[in-house]
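Enquirer: Contents are mmCIF, C-alpha atoms and all ligand atoms; file name data-v5.cif:
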data_final
loop_
_atom_site.label_atom_id
_atom_site.label_comp_id
_atom_site.auth_asym_id
_atom_site.auth_seq_id
_atom_site.Cartn_x
_atom_site.Cartn_y
_atom_site.Cartn_z
CA VAL A 29 -20.25 -15.85 -14.52
CA SER A 30 -20.64 -15.09 -10.80
CA PRO A 31 -17.62 -13.61 -8.98
CA PRO A 32 -15.66 -15.90 -6.60
CA VAL A 33 -16.90 -13.82 -3.63
CA GLU A 34 -20.38 -12.33 -4.01
CA ARG A 35 -20.91 -9.99 -1.00
CA VAL A 36 -18.20 -7.65 0.32
CA VAL A 37 -18.45 -5.18 3.22
CA VAL A 38 -16.31 -2.07 2.72
CA VAL A 39 -15.31 -0.21 5.90
CA GLY A 40 -14.79 3.52 5.20
CA THR A 41 -16.53 5.62 2.56
CA GLY A 42 -13.44 7.66 1.63
CA SER A 43 -11.50 7.66 -1.60
CA PHE A 44 -10.08 4.12 -1.51
CA GLY A 45 -13.21 2.54 -0.03
CA GLN A 46 -15.14 3.97 -2.96
CA ARG A 47 -12.46 3.24 -5.54
CA ARG A 48 -12.05 -0.44 -4.68
CA GLY A 49 -15.81 -0.66 -4.02
CA GLU A 50 -16.38 0.42 -7.64
CA ALA A 51 -13.81 -2.10 -8.87
CA LEU A 52 -15.61 -4.84 -6.91
CA ALA A 53 -19.01 -3.78 -8.26
CA ARG A 54 -17.58 -3.87 -11.83
CA ARG A 55 -16.78 -7.55 -11.17
CA GLY A 56 -20.41 -8.22 -10.21
CA VAL A 57 -19.70 -8.23 -6.44
CA SER A 58 -22.47 -6.80 -4.24
CA VAL A 59 -20.97 -4.09 -1.98
CA ALA A 60 -22.34 -2.61 1.27
CA PHE A 61 -20.49 0.10 3.22
CA VAL A 62 -19.85 0.51 6.95
CA SER A 63 -19.24 4.10 7.98
CA ARG A 64 -19.15 6.25 11.10
CA ASP A 65 -22.20 7.93 9.57
CA LEU A 66 -25.26 5.90 8.49
CA GLU A 67 -26.29 8.31 5.73
CA ARG A 68 -22.79 8.15 4.21
CA ALA A 69 -22.89 4.34 4.35
CA ARG A 70 -26.29 4.28 2.64
CA ALA A 71 -25.34 6.82 -0.02
CA ALA A 72 -22.07 5.02 -0.88
CA THR A 73 -23.89 1.66 -1.05
CA ALA A 74 -26.68 3.07 -3.23
CA ARG A 75 -24.12 4.64 -5.59
CA LEU A 76 -22.73 1.17 -6.36
CA GLY A 77 -26.18 -0.45 -6.64
CA GLY A 78 -25.57 -2.40 -3.41
CA PRO A 79 -28.13 -3.51 -0.79
CA VAL A 80 -28.85 -0.21 1.04
CA ALA A 81 -30.59 -2.09 3.89
CA GLU A 82 -27.23 -3.70 4.75
CA ALA A 83 -25.33 -0.37 4.94
CA SER A 84 -24.47 0.24 8.56
CA THR A 85 -22.47 1.94 11.26
CA ASP A 86 -22.03 -1.47 12.90
CA LEU A 87 -19.54 -3.92 11.37
CA ALA A 88 -20.87 -6.83 13.47
CA ARG A 89 -24.29 -6.34 11.87
CA ALA A 90 -22.83 -6.06 8.36
CA LEU A 91 -20.84 -9.27 8.90
CA ALA A 92 -24.08 -11.25 9.06
CA TRP A 93 -24.51 -10.35 5.36
CA GLY A 94 -20.96 -10.01 4.04
CA GLU A 95 -18.75 -12.92 2.97
CA ALA A 96 -15.56 -10.81 3.03
CA VAL A 97 -14.41 -7.39 4.24
CA PHE A 98 -12.24 -4.60 2.81
CA VAL A 99 -10.89 -2.08 5.36
CA ALA A 100 -10.10 1.41 3.98
CA THR A 101 -9.79 3.69 7.01
CA PRO A 102 -6.73 5.62 8.28
CA PRO A 103 -4.02 3.17 9.44
CA ALA A 104 -4.55 3.61 13.22
CA CYS A 105 -8.20 2.55 12.68
CA HIS A 106 -7.35 -0.70 10.82
CA SER A 107 -6.96 -3.16 13.71
CA GLU A 108 -10.45 -3.04 15.15
CA PRO A 109 -12.39 -3.96 11.97
CA VAL A 110 -9.68 -6.40 10.82
CA LEU A 111 -9.89 -8.27 14.14
CA ALA A 112 -13.70 -8.29 14.19
CA ALA A 113 -13.95 -9.57 10.60
CA ALA A 114 -11.25 -12.24 10.95
CA ARG A 115 -12.64 -13.45 14.29
CA ALA A 116 -15.98 -13.90 12.51
CA GLY A 117 -14.14 -16.08 9.97
CA ARG A 118 -14.29 -13.59 7.08
CA PRO A 119 -11.36 -13.00 4.69
CA VAL A 120 -10.12 -9.41 5.08
CA LEU A 121 -8.29 -7.10 2.71
CA VAL A 122 -6.72 -4.25 4.68
CA GLU A 123 -5.18 -1.18 3.12
CA LYS A 124 -1.47 -0.43 3.48
CA PRO A 125 0.21 0.25 5.83
CA VAL A 126 -1.18 -2.61 7.95
CA GLU A 127 -1.33 -0.31 10.98
CA ALA A 128 0.04 3.04 12.13
CA THR A 129 3.10 1.50 13.80
CA LEU A 130 5.02 -1.77 13.77
CA ALA A 131 4.14 -2.35 17.44
CA ARG A 132 0.43 -2.01 16.69
CA ALA A 133 0.72 -4.28 13.64
CA ARG A 134 2.49 -6.94 15.71
CA ALA A 135 -0.15 -6.62 18.46
CA LEU A 136 -2.81 -7.14 15.80
CA GLU A 137 -0.99 -10.23 14.50
CA ALA A 138 -0.78 -11.64 18.03
CA ALA A 139 -4.46 -10.92 18.72
CA LEU A 140 -5.43 -12.62 15.44
CA GLY A 141 -3.54 -15.82 16.19
CA ALA A 142 -4.42 -18.47 13.60
CA SER A 143 -6.94 -16.06 11.98
CA ALA A 144 -3.97 -14.05 10.62
CA ARG A 145 -4.18 -16.32 7.56
CA LEU A 146 -7.50 -14.64 6.71
CA VAL A 147 -5.79 -11.26 6.31
CA THR A 148 -4.34 -9.86 3.07
CA VAL A 149 -2.67 -6.45 2.71
CA ALA A 150 -3.79 -4.22 -0.20
CA GLU A 151 -0.23 -3.59 -1.42
CA ASN A 152 -0.88 -3.03 -5.11
CA PHE A 153 2.84 -2.44 -5.87
CA HIS A 154 3.20 -6.22 -5.58
CA PHE A 155 1.18 -6.40 -8.81
CA LEU A 156 2.66 -3.52 -10.85
CA SER A 157 2.45 -4.54 -14.51
CA ALA A 158 6.08 -3.36 -14.89
CA LEU A 159 7.25 -6.22 -12.68
CA ALA A 160 6.52 -8.87 -15.34
CA SER A 161 8.68 -6.98 -17.89
CA LEU A 162 11.36 -6.30 -15.28
CA GLU A 163 11.68 -10.04 -14.70
CA GLU A 164 12.42 -10.49 -18.43
CA LEU A 165 14.78 -7.50 -18.56
CA ARG A 166 16.67 -8.75 -15.52
CA ALA A 167 18.31 -11.49 -17.62
CA SER A 168 19.92 -8.90 -19.93
CA ALA A 169 20.61 -6.31 -17.19
CA GLY A 170 22.50 -8.79 -15.02
CA PRO A 171 22.35 -8.94 -11.22
CA LEU A 172 21.18 -5.65 -9.69
CA VAL A 173 23.87 -3.60 -8.01
CA TYR A 174 21.94 -0.39 -7.27
CA ALA A 175 18.30 0.74 -7.00
CA GLU A 176 17.39 4.41 -6.67
CA VAL A 177 13.86 5.65 -6.03
CA VAL A 178 12.90 9.33 -6.07
CA VAL A 179 9.30 10.40 -5.31
CA HIS A 180 8.81 14.12 -4.81
CA ARG A 181 5.59 16.09 -4.44
CA LYS A 182 5.28 19.80 -3.70
CA ARG A 183 2.95 19.47 -0.72
CA ALA A 184 1.58 17.03 1.83
CA PRO A 185 -1.98 15.75 1.28
CA ALA A 186 -4.59 17.25 3.62
CA GLY A 187 -6.66 15.47 6.29
CA TRP A 188 -5.61 12.51 8.46
CA ARG A 189 -2.32 12.07 6.53
CA ARG A 190 -1.04 15.12 8.43
CA GLU A 191 -1.92 13.57 11.82
CA GLY A 192 0.99 11.40 12.94
CA PRO A 193 -0.96 9.25 15.41
CA LEU A 194 -3.59 8.34 12.78
CA ALA A 195 -1.26 7.94 9.81
CA GLY A 196 1.72 6.43 11.62
CA GLY A 197 4.08 8.90 9.99
CA GLY A 198 4.33 11.09 6.91
CA VAL A 199 5.55 10.54 3.36
CA LEU A 200 7.37 7.28 4.25
CA ALA A 201 4.42 5.62 6.03
CA ASP A 202 1.97 6.71 3.32
CA VAL A 203 3.74 6.62 -0.06
CA GLY A 204 7.16 5.26 0.83
CA ILE A 205 5.90 1.91 2.11
CA HIS A 206 4.77 1.05 -1.45
CA TYR A 207 8.35 1.54 -2.64
CA VAL A 208 9.76 -0.37 0.34
CA HIS A 209 7.61 -3.28 -0.82
CA LEU A 210 8.79 -2.87 -4.43
CA LEU A 211 12.46 -2.75 -3.38
CA ARG A 212 11.98 -5.87 -1.25
CA VAL A 213 10.40 -7.66 -4.25
CA LEU A 214 13.32 -6.62 -6.48
CA LEU A 215 16.23 -6.96 -4.04
CA GLY A 216 15.10 -9.26 -1.22
CA ASP A 217 15.54 -8.36 2.45
CA LEU A 218 16.86 -4.84 3.05
CA VAL A 219 19.25 -3.55 5.70
CA LEU A 220 18.81 0.13 6.54
CA GLU A 221 21.98 2.20 7.03
CA ARG A 222 20.57 5.70 7.45
CA ALA A 223 17.30 7.62 7.14
CA PRO A 224 17.74 11.34 7.74
CA VAL A 225 14.57 13.43 7.92
CA SER A 226 15.03 16.84 6.28
CA ALA A 227 11.53 18.35 6.65
CA ARG A 228 8.63 18.03 9.09
CA LEU A 229 5.09 19.38 9.21
CA GLY A 230 3.64 19.19 12.72
CA SER A 231 3.73 15.53 13.78
CA ILE A 232 4.78 14.04 10.41
CA GLU A 233 7.97 13.96 8.35
CA THR A 234 7.60 15.44 4.88
CA ALA A 235 11.06 14.61 3.55
CA ILE A 236 13.17 11.56 4.36
CA ALA A 237 15.92 9.74 2.47
CA LEU A 238 16.58 6.07 3.23
CA ALA A 239 19.81 4.37 2.21
CA GLY A 240 21.05 0.84 2.74
CA ARG A 241 21.78 -2.44 1.05
CA SER A 242 20.07 -5.69 0.28
CA ALA A 243 21.04 -9.03 1.76
CA CYS A 244 22.80 -9.84 -1.55
CA GLY A 245 24.84 -6.62 -1.44
CA ALA A 246 22.96 -4.29 -3.84
CA ARG A 247 22.72 -0.71 -2.62
CA PHE A 248 19.41 1.17 -2.50
CA THR A 249 18.26 4.73 -1.88
CA LEU A 250 14.67 5.89 -1.36
CA ASP A 251 14.31 9.68 -1.52
CA LEU A 252 10.80 10.82 -0.54
CA SER A 253 9.40 14.31 -0.22
CA TRP A 254 6.11 16.15 0.19
CA ALA A 255 8.03 19.43 0.36
CA ALA A 256 9.86 19.51 -2.97
CA SER A 257 10.25 22.37 -5.44
CA ARG A 258 8.90 20.18 -8.26
CA ASN A 259 7.11 16.85 -8.72
CA ARG A 260 9.36 13.91 -9.63
CA SER A 261 8.91 10.14 -9.67
CA ARG A 262 11.50 7.66 -10.89
CA VAL A 263 12.72 4.14 -10.19
CA LEU A 264 16.25 3.46 -11.51
CA LEU A 265 17.66 -0.07 -11.47
CA VAL A 266 21.31 -0.56 -12.35
CA GLY A 267 22.46 -4.07 -13.22
CA GLU A 268 25.99 -5.34 -13.81
CA ARG A 269 25.46 -5.01 -17.60
CA ARG A 270 22.51 -2.63 -18.19
CA ARG A 271 20.19 -0.21 -16.45
CA VAL A 272 16.46 0.52 -16.69
CA HIS A 273 14.28 3.27 -15.34
CA PHE A 274 10.53 3.80 -15.13
CA ARG A 275 7.84 5.78 -13.38
CA VAL A 276 5.31 3.76 -11.38
CA GLY A 277 1.88 4.13 -12.98
CA LYS A 278 3.27 4.82 -16.49
CA ARG A 279 3.36 2.30 -19.32
CA TRP A 280 7.05 2.52 -20.30
CA ILE A 281 10.33 1.08 -19.04
CA TRP A 282 13.38 2.87 -20.47
CA ARG A 283 16.41 0.67 -21.16
CA ALA A 284 19.99 1.92 -21.27
CA THR A 285 23.57 0.72 -21.16
CA ARG A 286 25.22 0.48 -17.76
CA GLY A 287 26.69 3.94 -18.44
CA GLY A 288 23.24 5.43 -19.24
CA LEU A 289 23.19 5.47 -23.07
CA PRO A 290 19.50 4.89 -24.10
CA THR A 291 18.90 1.60 -25.92
CA GLY A 292 15.10 1.40 -26.15
CA VAL A 293 11.76 1.19 -24.39
CA THR A 294 9.52 -1.67 -23.26
CA ARG A 295 5.74 -1.18 -23.01
CA VAL A 296 4.15 -2.69 -19.90
CA GLY A 297 0.61 -4.03 -19.33
CA ALA A 298 -2.41 -1.75 -18.89
CA ASP A 299 -2.89 -2.36 -15.14
CA ALA A 300 0.16 -0.19 -14.45
CA LEU A 301 -0.59 0.35 -10.72
CA GLY A 302 -1.63 -3.25 -10.13
CA HIS A 303 -4.99 -2.39 -8.55
CA GLU A 304 -6.99 -4.81 -10.74
CA ALA A 305 -4.58 -7.72 -10.26
CA LEU A 306 -4.59 -7.09 -6.49
CA LEU A 307 -8.38 -7.47 -6.29
CA ASP A 308 -8.43 -10.51 -8.57
CA ASP A 309 -5.76 -12.13 -6.39
CA TRP A 310 -7.66 -11.40 -3.17
CA LEU A 311 -11.08 -12.52 -4.48
CA GLY A 312 -9.66 -15.74 -5.92
CA ALA A 313 -7.64 -16.52 -2.78
CA SER A 314 -10.62 -15.74 -0.51
CA ALA A 315 -12.83 -18.14 -2.44
CA ARG A 316 -10.17 -20.85 -1.96
CA GLY A 317 -9.89 -20.04 1.76
CA GLU A 318 -6.30 -18.78 1.38
CA PRO A 319 -4.66 -15.38 1.96
CA GLY A 320 -3.74 -13.29 -1.07
CA GLN A 321 -0.10 -12.93 -2.13
CA VAL A 322 0.64 -10.02 0.22
CA THR A 323 0.05 -11.76 3.54
CA LEU A 324 -0.13 -10.01 6.91
CA ALA A 325 3.44 -11.16 7.59
CA ARG A 326 4.68 -9.52 4.36
CA GLY A 327 2.85 -6.30 5.17
CA ILE A 328 4.41 -6.30 8.64
CA ALA A 329 7.86 -6.90 7.15
CA ASP A 330 7.42 -3.77 4.99
CA LEU A 331 6.35 -1.82 8.07
CA ALA A 332 9.46 -3.07 9.91
CA LEU A 333 11.69 -1.09 7.51
CA VAL A 334 9.51 2.01 8.00
CA ASP A 335 9.83 1.50 11.75
CA ALA A 336 13.63 1.13 11.49
CA ALA A 337 13.79 4.43 9.56
CA TYR A 338 11.69 6.22 12.18
CA ALA A 339 13.79 4.69 14.95
CA ALA A 340 16.80 6.32 13.28
CA SER A 341 14.86 9.66 13.23
CA PRO A 342 12.47 9.33 16.19
CA HIS A 343 8.77 10.22 15.94
CA PRO A 344 8.00 13.60 17.43
CA TYR A 345 4.75 12.34 18.97
CA PRO A 346 3.78 9.62 21.49
CA PRO A 347 1.92 6.48 20.29
CA PRO A 348 -1.90 6.87 20.08
CA GLN A 349 -4.00 6.20 23.18
CA ALA A 350 -7.63 5.04 23.19
CA GLY A 351 -9.95 7.89 22.22
CA GLU A 352 -7.10 10.00 20.83
CA GLY A 353 -7.86 9.52 17.15
CA GLY A 354 -6.62 5.94 16.93
CA THR A 355 -8.18 2.74 18.16
CA ALA A 356 -6.32 1.12 21.05
CA LEU A 357 -5.88 -2.65 20.78
N1 LIG B 401 -3.11 1.21 -2.11
C1 LIG B 401 -3.14 2.49 -2.47
O1 LIG B 401 -2.69 2.87 -3.54
C2 LIG B 401 -3.78 3.49 -1.53
C3 LIG B 401 -4.06 4.79 -1.99
C4 LIG B 401 -4.70 5.67 -1.12
C5 LIG B 401 -5.00 5.27 0.16
N2 LIG B 401 -4.68 4.02 0.58
C6 LIG B 401 -4.94 3.59 1.96
O2 LIG B 401 -6.35 3.47 2.14
C7 LIG B 401 -6.70 3.84 3.46
C8 LIG B 401 -7.73 4.97 3.38
O3 LIG B 401 -7.20 6.04 2.63
P1 LIG B 401 -8.13 7.02 1.78
O4 LIG B 401 -7.26 7.73 0.82
O5 LIG B 401 -9.31 6.29 1.27
O6 LIG B 401 -8.58 8.03 2.95
P2 LIG B 401 -9.92 8.87 3.04
O7 LIG B 401 -10.37 9.25 1.68
O8 LIG B 401 -9.66 9.95 4.01
O9 LIG B 401 -10.97 7.85 3.64
C9 LIG B 401 -10.79 7.24 4.89
C10 LIG B 401 -12.15 6.90 5.47
O10 LIG B 401 -11.95 6.23 6.69
C11 LIG B 401 -13.06 6.48 7.57
N3 LIG B 401 -12.54 6.85 8.89
C12 LIG B 401 -12.71 6.15 10.03
N4 LIG B 401 -12.13 6.76 11.05
C13 LIG B 401 -11.60 7.90 10.59
C14 LIG B 401 -10.88 8.97 11.20
N5 LIG B 401 -10.59 8.98 12.52
N6 LIG B 401 -10.47 9.99 10.42
C15 LIG B 401 -10.73 9.98 9.09
N7 LIG B 401 -11.42 8.99 8.47
C16 LIG B 401 -11.85 7.95 9.21
C17 LIG B 401 -13.85 7.58 6.89
O11 LIG B 401 -15.01 6.97 6.38
P3 LIG B 401 -16.43 7.17 7.12
O12 LIG B 401 -16.56 8.65 7.28
O13 LIG B 401 -17.35 6.56 6.17
O14 LIG B 401 -16.33 6.45 8.44
C18 LIG B 401 -13.00 8.10 5.78
O15 LIG B 401 -13.74 8.54 4.68
C19 LIG B 401 -5.40 4.23 4.16
O16 LIG B 401 -4.89 3.14 4.86
C20 LIG B 401 -4.47 4.58 2.99
O17 LIG B 401 -3.10 4.41 3.29
C21 LIG B 401 -4.08 3.12 -0.25
#
Please render this file's structure as structure tokens.
Ligand SMILES: NC(=O)c1ccc[n+]([C@@H]2O[C@H](COP(=O)([O-])OP(=O)(O)OC[C@H]3O[C@@H](n4cnc5c(N)ncnc54)[C@H](OP(=O)(O)O)[C@@H]3O)[C@@H](O)[C@H]2O)c1
Expert:
Amino acid sequence: VSPPVERVVVVGTGSFGQRRGEALARRGVSVAFVSRDLERARAATARLGGPVAEASTDLARALAWGEAVFVATPPACHSEPVLAAARAGRPVLVEKPVEATLARARALEAALGASARLVTVAENFHFLSALASLEELRASAGPLVYAEVVVHRKRAPAGWRREGPLAGGGVLADVGIHYVHLLRVLLGDLVLERAPVSARLGSIETAIALAGRSACGARFTLDLSWAASRNRSRVLLVGERRRVHFRVGKRWIWRATRGGLPTGVTRVGADALGHEALLDDWLGASARGEPGQVTLARGIADLALVDAAYAASPHPYPPPQAGEGGTAL
């Protein structure tokens, strides 16, 4: 059976370009890479059995071959290839966050105009396998009154994630935006009340704790750190009658009474991080000429909460200028 989209151009030969490239190739999709370096583009394309002659440093050239485009560069480099691909009429999957800042994401949306409907955001937390079970558990847990997320790592990742202008921020822009999306799926629109930053590394924040409430009155906290004494990761959801907790990426949801007395576990589906469902959604939607479930507007709405948190604790660096490590719109 041939895949719904047969030829995909992947921009960026880094970890997620390669990872989703492999997942596309497993589905029978032919993949060619665009890179800043021709040899890297050729090597990455050859590794996936793709058409090496189509590997390029020039997206415009690759678009003559590709039916769809996946953009996997640092956030401040997203707009340029997304615009070029969408203006050429190709469906685009762009990694999260949509752009380095909300202002840049909104400028991209304005520049896209009607072509914005060709853009899908690669927010895999929309497809976590736990979400299906959570929907079922919700009936017994009762309406949610509190959601608490803790994600702690001992150190910040290396490379562009430590460069504020390229990444758009630190632990919140990189990891936290996934959980912002998850909280918005679970609770609806969120209103931020505070977001103190407690650690910085150069131009990025490495510890920040958001707190606020949802439009329906549930409270939430999102405690993120790349400067913790130990690794932790937990999502706790407290309903009027019961509570559940789980770790994103693991196969178990732990159920308990409202007071915390354990009552059992629920096993969730194998695609715990939602990466496979995300690609299936995008490929299917692209073949139908529709955006995937996480539209550009939804990705921008997630970024708006990140922006509100940074506005409460201002960025220590100016926005990127052309030629300063980001691409100016
Ligand atoms: N959904 C998820 O779970 C998830 C997980 C990880 C990352 N991501 C997202 O995926 C995107 C890429 O992340 P990654 O982990 O794949 O990063 P990465 O391994 O560093 O790869 C990024 C690639 O972008 C290209 N690039 C273009 N301009 C660059 C610049 N100025 N500096 C550095 N690289 C540049 C490079 O490819 P060439 O050298 O070939 O040009 C580089 O290999 C980001 O938006 C990130 O947030 C998403």
Enquirer: 9 Å from ligand LIG 401 (chain B) is the threshold here; counting all atoms listed in the file, which polymer residues fall inside it? Answer as an NGL selection string.
Expert: :A and (39-47 or 61-66 or 68-69 or 72 or 85 or 99-106 or 122-128 or 150-153 or 186-189 or 194-195 or 201-203 or 206 or 301 or 303 or 353-355)
Enquirer: Nearest residue to Gly117 (chain A) out of A:Gly288, A:Gly317, A:Pro224, A:Gly312, using all atoms listed in the file?
Expert: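 Between A:Gly288, A:Gly317, A:Pro224, A:Gly312, the residue approaching Gly117 (chain A) most closely is A:Gly317.
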Enquirer: Which residues are close to Ala135 (chain A), i.e. within 12 Å by all atoms listed in the file, leaving aside same-chain residues fewer than 3 positions away? Reply as a list in words.
Expert: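 Residues near the query, excluding close chain neighbours: Ser107, Glu108, Leu111, Val126, Glu127, Ala128, Thr129, Leu130, Ala131, Arg132, Ala138, Ala139, Leu140, Gly141, Ala144, Ile328, Ala356 and Leu357 of chain A.
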Enquirer: Considering only C-alpha atoms, return as a list of chain:residue names whatever protein or nucleic-acid residues lie within 9 Å of region 238-250 of chain A, sequence-local ones (same chain, fewer than 3 positions apart) excluded.
Expert: A:Pro171, A:Leu172, A:Val173, A:Tyr174, A:Ala175, A:Glu176, A:Val177, A:Val178, A:Val179, A:Gly204, A:Tyr207, A:Val208, A:Leu211, A:Arg212, A:Leu215, A:Gly216, A:Asp217, A:Leu218, A:Val219, A:Leu220, A:Glu221, A:Arg222, A:Ala223, A:Pro224, A:Val225, A:Ala337
Enquirer: Which neighbours of Ala92 (chain A) fall inside 12 Å, counting all atoms listed in the file, when residues of the same chain fewer than 6 positions from it are skipped, and could you give them as an mmCIF file with C-alpha atoms, in the frame of the given file?
Expert:
data_model
loop_
_atom_site.group_PDB
_atom_site.id
_atom_site.type_symbol
_atom_site.label_atom_id
_atom_site.label_comp_id
_atom_site.auth_asym_id
_atom_site.auth_seq_id
_atom_site.Cartn_x
_atom_site.Cartn_y
_atom_site.Cartn_z
ATOM 1 C CA ARG A 35 -20.910 -9.990 -1.000
ATOM 2 C CA VAL A 36 -18.200 -7.650 0.320
ATOM 3 C CA VAL A 37 -18.450 -5.180 3.220
ATOM 4 C CA ALA A 60 -22.340 -2.610 1.270
ATOM 5 C CA GLU A 82 -27.230 -3.700 4.750
ATOM 6 C CA ALA A 83 -25.330 -0.370 4.940
ATOM 7 C CA SER A 84 -24.470 0.240 8.560
ATOM 8 C CA ASP A 86 -22.030 -1.470 12.900
ATOM 9 C CA ALA A 112 -13.700 -8.290 14.190
ATOM 10 C CA ALA A 113 -13.950 -9.570 10.600
ATOM 11 C CA ALA A 116 -15.980 -13.900 12.510
ATOM 12 C CA GLY A 117 -14.140 -16.080 9.970
ATOM 13 C CA ARG A 118 -14.290 -13.590 7.080
#
Enquirer: With only C-alpha atoms as the basis for distance, which of A:Gly196, A:Pro319, A:Ser161, A:Ala142 is at the shortest distance from Arg283 (chain A)?
Expert: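 Answer, going by the shortest atom-to-atom distance: A:Ser161.
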Enquirer: Between CA of Val334 (chain A) and CA of Thr234 (chain A), what is the distance, to one decimal in Å?
Expert: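 Spanning CA of Val334 (chain A) to CA of Thr234 (chain A) is a straight-line distance of 13.9 Å.
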Enquirer: For Gly267 (chain A), which residue among A:Glu34, A:Ala160, A:Gly287, A:Gly197 is the nearest when counting all atoms listed in the file?
Expert: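 The shortest atom-to-atom distance to Gly267 (chain A) comes from A:Gly287.
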